[in-house]
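Trainee: Before I ask anything, let me first share the structure, which is written out below as structure tokens.
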Amino acid sequence: MKKYKIAVIPGDGIGVEVVSSALEVLTHVSKNKDFEFEFTNFDWSSEYYFKNGVMMPEDGINQLSNFDAIFLGAVGHPDIQDHITLNGLLLPIRRAFDQFACVRPSILYPGVDTPLKNIKPYDVDFIVVRENTEGEYANVGGFQYKNFPDEVAVQSAVFTRKGCERVIRYAFELAIERNKKNHVTSITKSNAQGYSMTLWDRCFEDIKSEYPQISTNSLLIDAACMDFIRKPSEFDVVVASNLFGDILTDIGAIITGSMGLASSGNIDPTGKNPSMFEPTHGSAPDIVGKEISNPMAQILTAGIMLSHLGENESANELENSVKKVIESGEILTPDLGGNSKTKDVTQAIISNL
Ligand code: NAD
Ligand code: IPM
Ligand code: MN
């Protein structure tokens with residue numbers, strides 16, 4: 001029997017609710033299979049910060065390093081500034097484990113109501129590959145004259161040739177593996193960011209010549225935001241810097257129905273470090289405790305984790321089960337137009353497995 005050791009960090013807000021649902025589903029999907037999970041819970045979160053003054057212990061990264069994967073809910077609390085919580089837990093994990101490819105699929109499933117007009121199920125089916133360790137999130141900068149009238153803040157973006165090339169190459173490999181439109185779109189803002197983004201463009205040109213079978217185009221981020229709404233069906237694999245990928249994937253989520261469906265994986269493709277699986281959405285303080293958070297994004301994220309572990313059959317089972325619940329339209333949380341609770345949706349998904 002294979003055993004996967006999973007570090008579970010429910011985190012904050014609805015993260016705790018949806019992780020608990022997804023763990024139930026994962027336990028179910030592994031029944032009668034040749035693998036099992038060993039979940040180890042870590043209470044690192046804003047509550048942990050209130051007690052200890054830090055988001056995770058000093059050797060936190062070390063504690064996670066021998067797991068097969070990390071399964072995280074969300075981080076963020078209304079009473080703590082976000083840069084403290086996120087720079088204390090989520091972002092250091094992505095960087096320390098070199099999870100440079102963040103994959104975020106957007107699929108319009110049958111039965112989902114989209115704000116877009118004249119569009120059918122599966123007309124939207126793309127995946128954003130977001131650079132996940134450098135770029136605008138490099139955490140380089142500082143203040144001068146803090147809290148004085150002449151205060152200066154510097155926040156530097158860091159783009160390296162290695163960092164650009166490896167994530168762009170990952171996008172091309174993914175387009176081949178998907179074998180859908182065999183197309184990669186690169187997103188930059190080279191008209192205004194004449195150093196970092198033109199390095200990215202040159203890397204894109206170099207890598208694309210290695211993949212003559214894949215068609216390509218390049219868009220500026222502002223136009224790309226428009227086209228995600230105007231003609232989302234034209235995209236297949238989209239590769240973007242850290243910040244641009246972050247913004248684009250909230251658009252990708254809402255045109256395919258809800259943040260509550262948006263799955264995500266932070267992948268170290270070399271396999272040297274554990275990858276981390278967390279949905280695109282945050283801790284949603286506006287709905288926490290109301291028992292109406294949609295667990296589907298976390299459950300679909302568990303599906304990405306299963307594929308990453310090589311359990312493709314179980315990953316498909318899980319996605320199909322979510323799709324069935326959506327399509328029947330009977331048991332849905334309010335973000336998808338229903339009036340069911342988190343636990344009812346979870347049970348409906350389990351009963352389809
Ligand atoms: P959010 O994603 O938490 O919420 C945005 C909107 O989407 C809210 O109206 C929320 O109710 C809704 N929503 C999100 N997930 C949902 C779900 N599963 N079911 C139903 N509705 C859902 O974004 P925000 O409000 O900008 O951020 C809240 C906090 O979360 C902040 O502290 C932010 O920094 C943090 N955050 C964390 C992560 C993460 O941990 N990966 C991601 C994004 C935001
Ligand atoms: C996401 C989130 C995070 C990000 C925040 C919370 C730092 O928005 O995972 O999309 O920007 O990466
Ligand atoms: Mn985001």
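By convention here, the chains of the structure tokens are called A, B, ... in the order presented, each chain's residues are numbered starting at 1, and ligands are numbered starting at 1 in the order presented.
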Which residues are close to Ala74 of chain A, i.e. within 8 Å by only C-alpha atoms, leaving aside same-chain residues fewer than 6 positions away? Reply as a VMD selection string.
Mentor: chain A and resid 10 to 16 278 to 279 281 to 283
Trainee: May I have the residues from that selection written out with N, CA and C atoms, as a PDB file, in the first residue's frame?
Mentor:
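Contents of out19.pdb, as written:
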```pdb
ATOM      1  N   PRO A  10      -4.679  24.245   7.404  1.00  0.00           N
ATOM      2  CA  PRO A  10      -5.988  24.841   7.081  1.00  0.00           C
ATOM      3  C   PRO A  10      -5.925  26.368   7.040  1.00  0.00           C
ATOM      4  N   GLY A  11      -5.113  26.977   7.938  1.00  0.00           N
ATOM      5  CA  GLY A  11      -4.918  28.431   7.897  1.00  0.00           C
ATOM      6  C   GLY A  11      -6.063  29.190   8.529  1.00  0.00           C
ATOM      7  N   ASP A  12      -6.600  30.151   7.795  1.00  0.00           N
ATOM      8  CA  ASP A  12      -7.564  31.106   8.348  1.00  0.00           C
ATOM      9  C   ASP A  12      -8.920  31.049   7.659  1.00  0.00           C
ATOM     10  N   GLY A  13      -9.893  31.632   8.344  1.00  0.00           N
ATOM     11  CA  GLY A  13     -11.204  31.901   7.743  1.00  0.00           C
ATOM     12  C   GLY A  13     -11.829  30.663   7.148  1.00  0.00           C
ATOM     13  N   ILE A  14     -12.361  30.810   5.941  1.00  0.00           N
ATOM     14  CA  ILE A  14     -13.023  29.657   5.318  1.00  0.00           C
ATOM     15  C   ILE A  14     -12.024  28.569   4.923  1.00  0.00           C
ATOM     16  N   GLY A  15     -10.715  28.894   4.966  1.00  0.00           N
ATOM     17  CA  GLY A  15      -9.714  27.850   4.710  1.00  0.00           C
ATOM     18  C   GLY A  15      -9.950  26.638   5.595  1.00  0.00           C
ATOM     19  N   VAL A  16     -10.281  26.900   6.858  1.00  0.00           N
ATOM     20  CA  VAL A  16     -10.499  25.822   7.823  1.00  0.00           C
ATOM     21  C   VAL A  16     -11.732  24.992   7.414  1.00  0.00           C
ATOM     22  N   GLU A 278      -3.293  24.760  -2.886  1.00  0.00           N
ATOM     23  CA  GLU A 278      -4.200  25.690  -2.196  1.00  0.00           C
ATOM     24  C   GLU A 278      -5.056  26.342  -3.265  1.00  0.00           C
ATOM     25  N   PRO A 279      -6.316  26.583  -2.995  1.00  0.00           N
ATOM     26  CA  PRO A 279      -7.164  27.194  -4.020  1.00  0.00           C
ATOM     27  C   PRO A 279      -6.747  28.641  -4.298  1.00  0.00           C
ATOM     28  N   HIS A 281      -8.677  31.211  -4.116  1.00  0.00           N
ATOM     29  CA  HIS A 281      -9.373  32.178  -3.257  1.00  0.00           C
ATOM     30  C   HIS A 281      -8.687  32.351  -1.907  1.00  0.00           C
ATOM     31  N   GLY A 282      -9.138  33.374  -1.166  1.00  0.00           N
ATOM     32  CA  GLY A 282      -8.572  33.663   0.136  1.00  0.00           C
ATOM     33  C   GLY A 282      -9.449  33.169   1.274  1.00  0.00           C
ATOM     34  N   SER A 283      -9.290  33.816   2.423  1.00  0.00           N
ATOM     35  CA  SER A 283      -9.963  33.358   3.633  1.00  0.00           C
ATOM     36  C   SER A 283     -11.406  33.877   3.739  1.00  0.00           C
TER      37      SER A 283
END
```
Trainee: Counting only C-alpha atoms and all ligand atoms, give me one row per residue of chain A with an atom at most 8 Å from an atom of ligand 3, showing the shortest contact pair and its distance in Å to one decimal, sorted by chain then residue number, as CSV.
Mentor:
```
residue,atom,partner,partner_atom_place_in_ligand_line,distance
A:Asp246,CA,ligand 3,1 (Mn),4.6
A:Ile247,CA,ligand 3,1 (Mn),6.3
A:Thr249,CA,ligand 3,1 (Mn),7.0
A:Asp250,CA,ligand 3,1 (Mn),6.4
A:Thr280,CA,ligand 3,1 (Mn),5.9
A:His281,CA,ligand 3,1 (Mn),6.5
A:Gly282,CA,ligand 3,1 (Mn),7.4
```
Trainee: Taking all heavy atoms for each residue, export the selection above as an mmCIF file, in the first residue's frame.
Mentor:
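Printed below is out04.cif as written:
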```
data_model
loop_
_atom_site.group_PDB
_atom_site.id
_atom_site.type_symbol
_atom_site.label_atom_id
_atom_site.label_comp_id
_atom_site.auth_asym_id
_atom_site.auth_seq_id
_atom_site.Cartn_x
_atom_site.Cartn_y
_atom_site.Cartn_z
ATOM 1 N N ASP A 246 -1.523 36.501 -10.886
ATOM 2 C CA ASP A 246 -2.439 36.619 -9.747
ATOM 3 C C ASP A 246 -3.732 37.317 -10.179
ATOM 4 O O ASP A 246 -4.837 36.842 -9.918
ATOM 5 C CB ASP A 246 -1.757 37.414 -8.625
ATOM 6 C CG ASP A 246 -2.689 37.681 -7.464
ATOM 7 O OD1 ASP A 246 -3.360 36.732 -7.024
ATOM 8 O OD2 ASP A 246 -2.759 38.843 -7.013
ATOM 9 N N ILE A 247 -3.574 38.429 -10.876
ATOM 10 C CA ILE A 247 -4.749 39.226 -11.251
ATOM 11 C C ILE A 247 -5.593 38.479 -12.289
ATOM 12 O O ILE A 247 -6.820 38.388 -12.169
ATOM 13 C CB ILE A 247 -4.288 40.596 -11.779
ATOM 14 C CG1 ILE A 247 -3.590 41.372 -10.648
ATOM 15 C CG2 ILE A 247 -5.467 41.389 -12.344
ATOM 16 C CD1 ILE A 247 -2.820 42.594 -11.108
ATOM 17 N N THR A 249 -5.968 35.395 -12.752
ATOM 18 C CA THR A 249 -6.677 34.195 -12.294
ATOM 19 C C THR A 249 -7.927 34.521 -11.475
ATOM 20 O O THR A 249 -8.806 33.674 -11.348
ATOM 21 C CB THR A 249 -5.745 33.227 -11.542
ATOM 22 O OG1 THR A 249 -4.994 33.934 -10.543
ATOM 23 C CG2 THR A 249 -4.776 32.572 -12.501
ATOM 24 N N ASP A 250 -8.031 35.725 -10.941
ATOM 25 C CA ASP A 250 -9.327 36.105 -10.357
ATOM 26 C C ASP A 250 -10.339 36.370 -11.480
ATOM 27 O O ASP A 250 -11.523 36.045 -11.341
ATOM 28 C CB ASP A 250 -9.203 37.353 -9.457
ATOM 29 C CG ASP A 250 -8.993 36.989 -7.977
ATOM 30 O OD1 ASP A 250 -8.310 35.981 -7.708
ATOM 31 O OD2 ASP A 250 -9.520 37.709 -7.098
ATOM 32 N N THR A 280 -7.313 29.209 -5.344
ATOM 33 C CA THR A 280 -6.988 30.591 -5.734
ATOM 34 C C THR A 280 -7.581 31.599 -4.758
ATOM 35 O O THR A 280 -7.052 32.683 -4.566
ATOM 36 C CB THR A 280 -7.520 30.828 -7.170
ATOM 37 O OG1 THR A 280 -6.861 29.901 -8.037
ATOM 38 C CG2 THR A 280 -7.259 32.241 -7.661
ATOM 39 N N HIS A 281 -8.677 31.211 -4.116
ATOM 40 C CA HIS A 281 -9.373 32.178 -3.257
ATOM 41 C C HIS A 281 -8.687 32.351 -1.907
ATOM 42 O O HIS A 281 -7.802 31.574 -1.520
ATOM 43 C CB HIS A 281 -10.845 31.796 -3.070
ATOM 44 C CG HIS A 281 -11.079 30.523 -2.286
ATOM 45 N ND1 HIS A 281 -10.886 30.424 -0.929
ATOM 46 C CD2 HIS A 281 -11.538 29.305 -2.675
ATOM 47 C CE1 HIS A 281 -11.214 29.208 -0.521
ATOM 48 N NE2 HIS A 281 -11.599 28.495 -1.563
ATOM 49 N N GLY A 282 -9.138 33.374 -1.166
ATOM 50 C CA GLY A 282 -8.572 33.663 0.136
ATOM 51 C C GLY A 282 -9.449 33.169 1.274
ATOM 52 O O GLY A 282 -10.266 32.242 1.108
#
```
Trainee: Residues of segment 140-211 of chain A classed as alpha helix (DSSP H) by DSSP on the backbone are to be reported as number ranges by chain.
Mentor: A: 161-178, 196-208
Trainee: Can you pull out every residue within 10 Å of Ala224 of chain A, counting only C-alpha atoms, but drop anything in the same chain fewer than 5 positions away, and send it as number ranges by chain?
Mentor: A: 185-188, 218-219, 229-232, 238, 244, 248
Trainee: Which residue is closest to Asn316 of chain A? Choose from A:Gln81, A:Ser340, A:Phe97, A:Val29 and count only C-alpha atoms.
Mentor: A:Val29
Trainee: At a cut-off of 7 Å, using only C-alpha atoms, what residues contact Ala157 of chain A? Leave out same-chain residues fewer than 5 positions from it and give the result as a ChimeraX atom specification.
Mentor: /A:135-138
Trainee: Fewer than 5 positions away in the same chain doesn't count, so skip those; otherwise give me all residues within 10 Å of segment 47-54 of chain A, counting only C-alpha atoms, as a PyMOL selection string.
Mentor: chain A and resi 11-12+42+77+79-80+84-85+88-89
Trainee: Output N, CA and C atoms of each residue in that selection to a file, as a tab-separated table (two decimals), in the first residue's frame.
Mentor:
```tsv
chain	number	residue	atom	x	y	z
A	11	GLY	N	-5.11	26.98	7.94
A	11	GLY	CA	-4.92	28.43	7.90
A	11	GLY	C	-6.06	29.19	8.53
A	12	ASP	N	-6.60	30.15	7.79
A	12	ASP	CA	-7.56	31.11	8.35
A	12	ASP	C	-8.92	31.05	7.66
A	42	PHE	N	-1.08	21.11	10.80
A	42	PHE	CA	-0.27	22.20	11.34
A	42	PHE	C	-1.21	23.39	11.60
A	77	HIS	N	-6.26	37.54	7.82
A	77	HIS	CA	-7.19	37.85	8.91
A	77	HIS	C	-7.44	39.35	8.92
A	79	ASP	N	-7.82	41.41	11.22
A	79	ASP	CA	-7.14	42.18	12.27
A	79	ASP	C	-5.61	42.22	12.16
A	80	ILE	N	-5.07	41.57	11.14
A	80	ILE	CA	-3.61	41.61	10.94
A	80	ILE	C	-3.35	42.06	9.50
A	84	ILE	N	1.91	40.94	6.68
A	84	ILE	CA	2.50	40.18	7.80
A	84	ILE	C	2.09	38.70	7.69
A	85	THR	N	0.81	38.45	7.51
A	85	THR	CA	0.35	37.05	7.46
A	85	THR	C	0.91	36.33	6.24
A	88	GLY	N	4.57	35.83	6.22
A	88	GLY	CA	5.00	34.99	7.33
A	88	GLY	C	4.72	33.51	7.10
A	89	LEU	N	3.95	33.19	6.08
A	89	LEU	CA	3.56	31.77	5.93
A	89	LEU	C	3.52	31.33	4.45
```
Trainee: From the options A:Gly265, A:Gly271, A:Pro105, A:Pro57, which residue's atoms come nearest to ligand 2, counting only C-alpha atoms and all ligand atoms?
Mentor: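 Among the listed residues, the smallest separation from ligand 2 belongs to A:Gly265.
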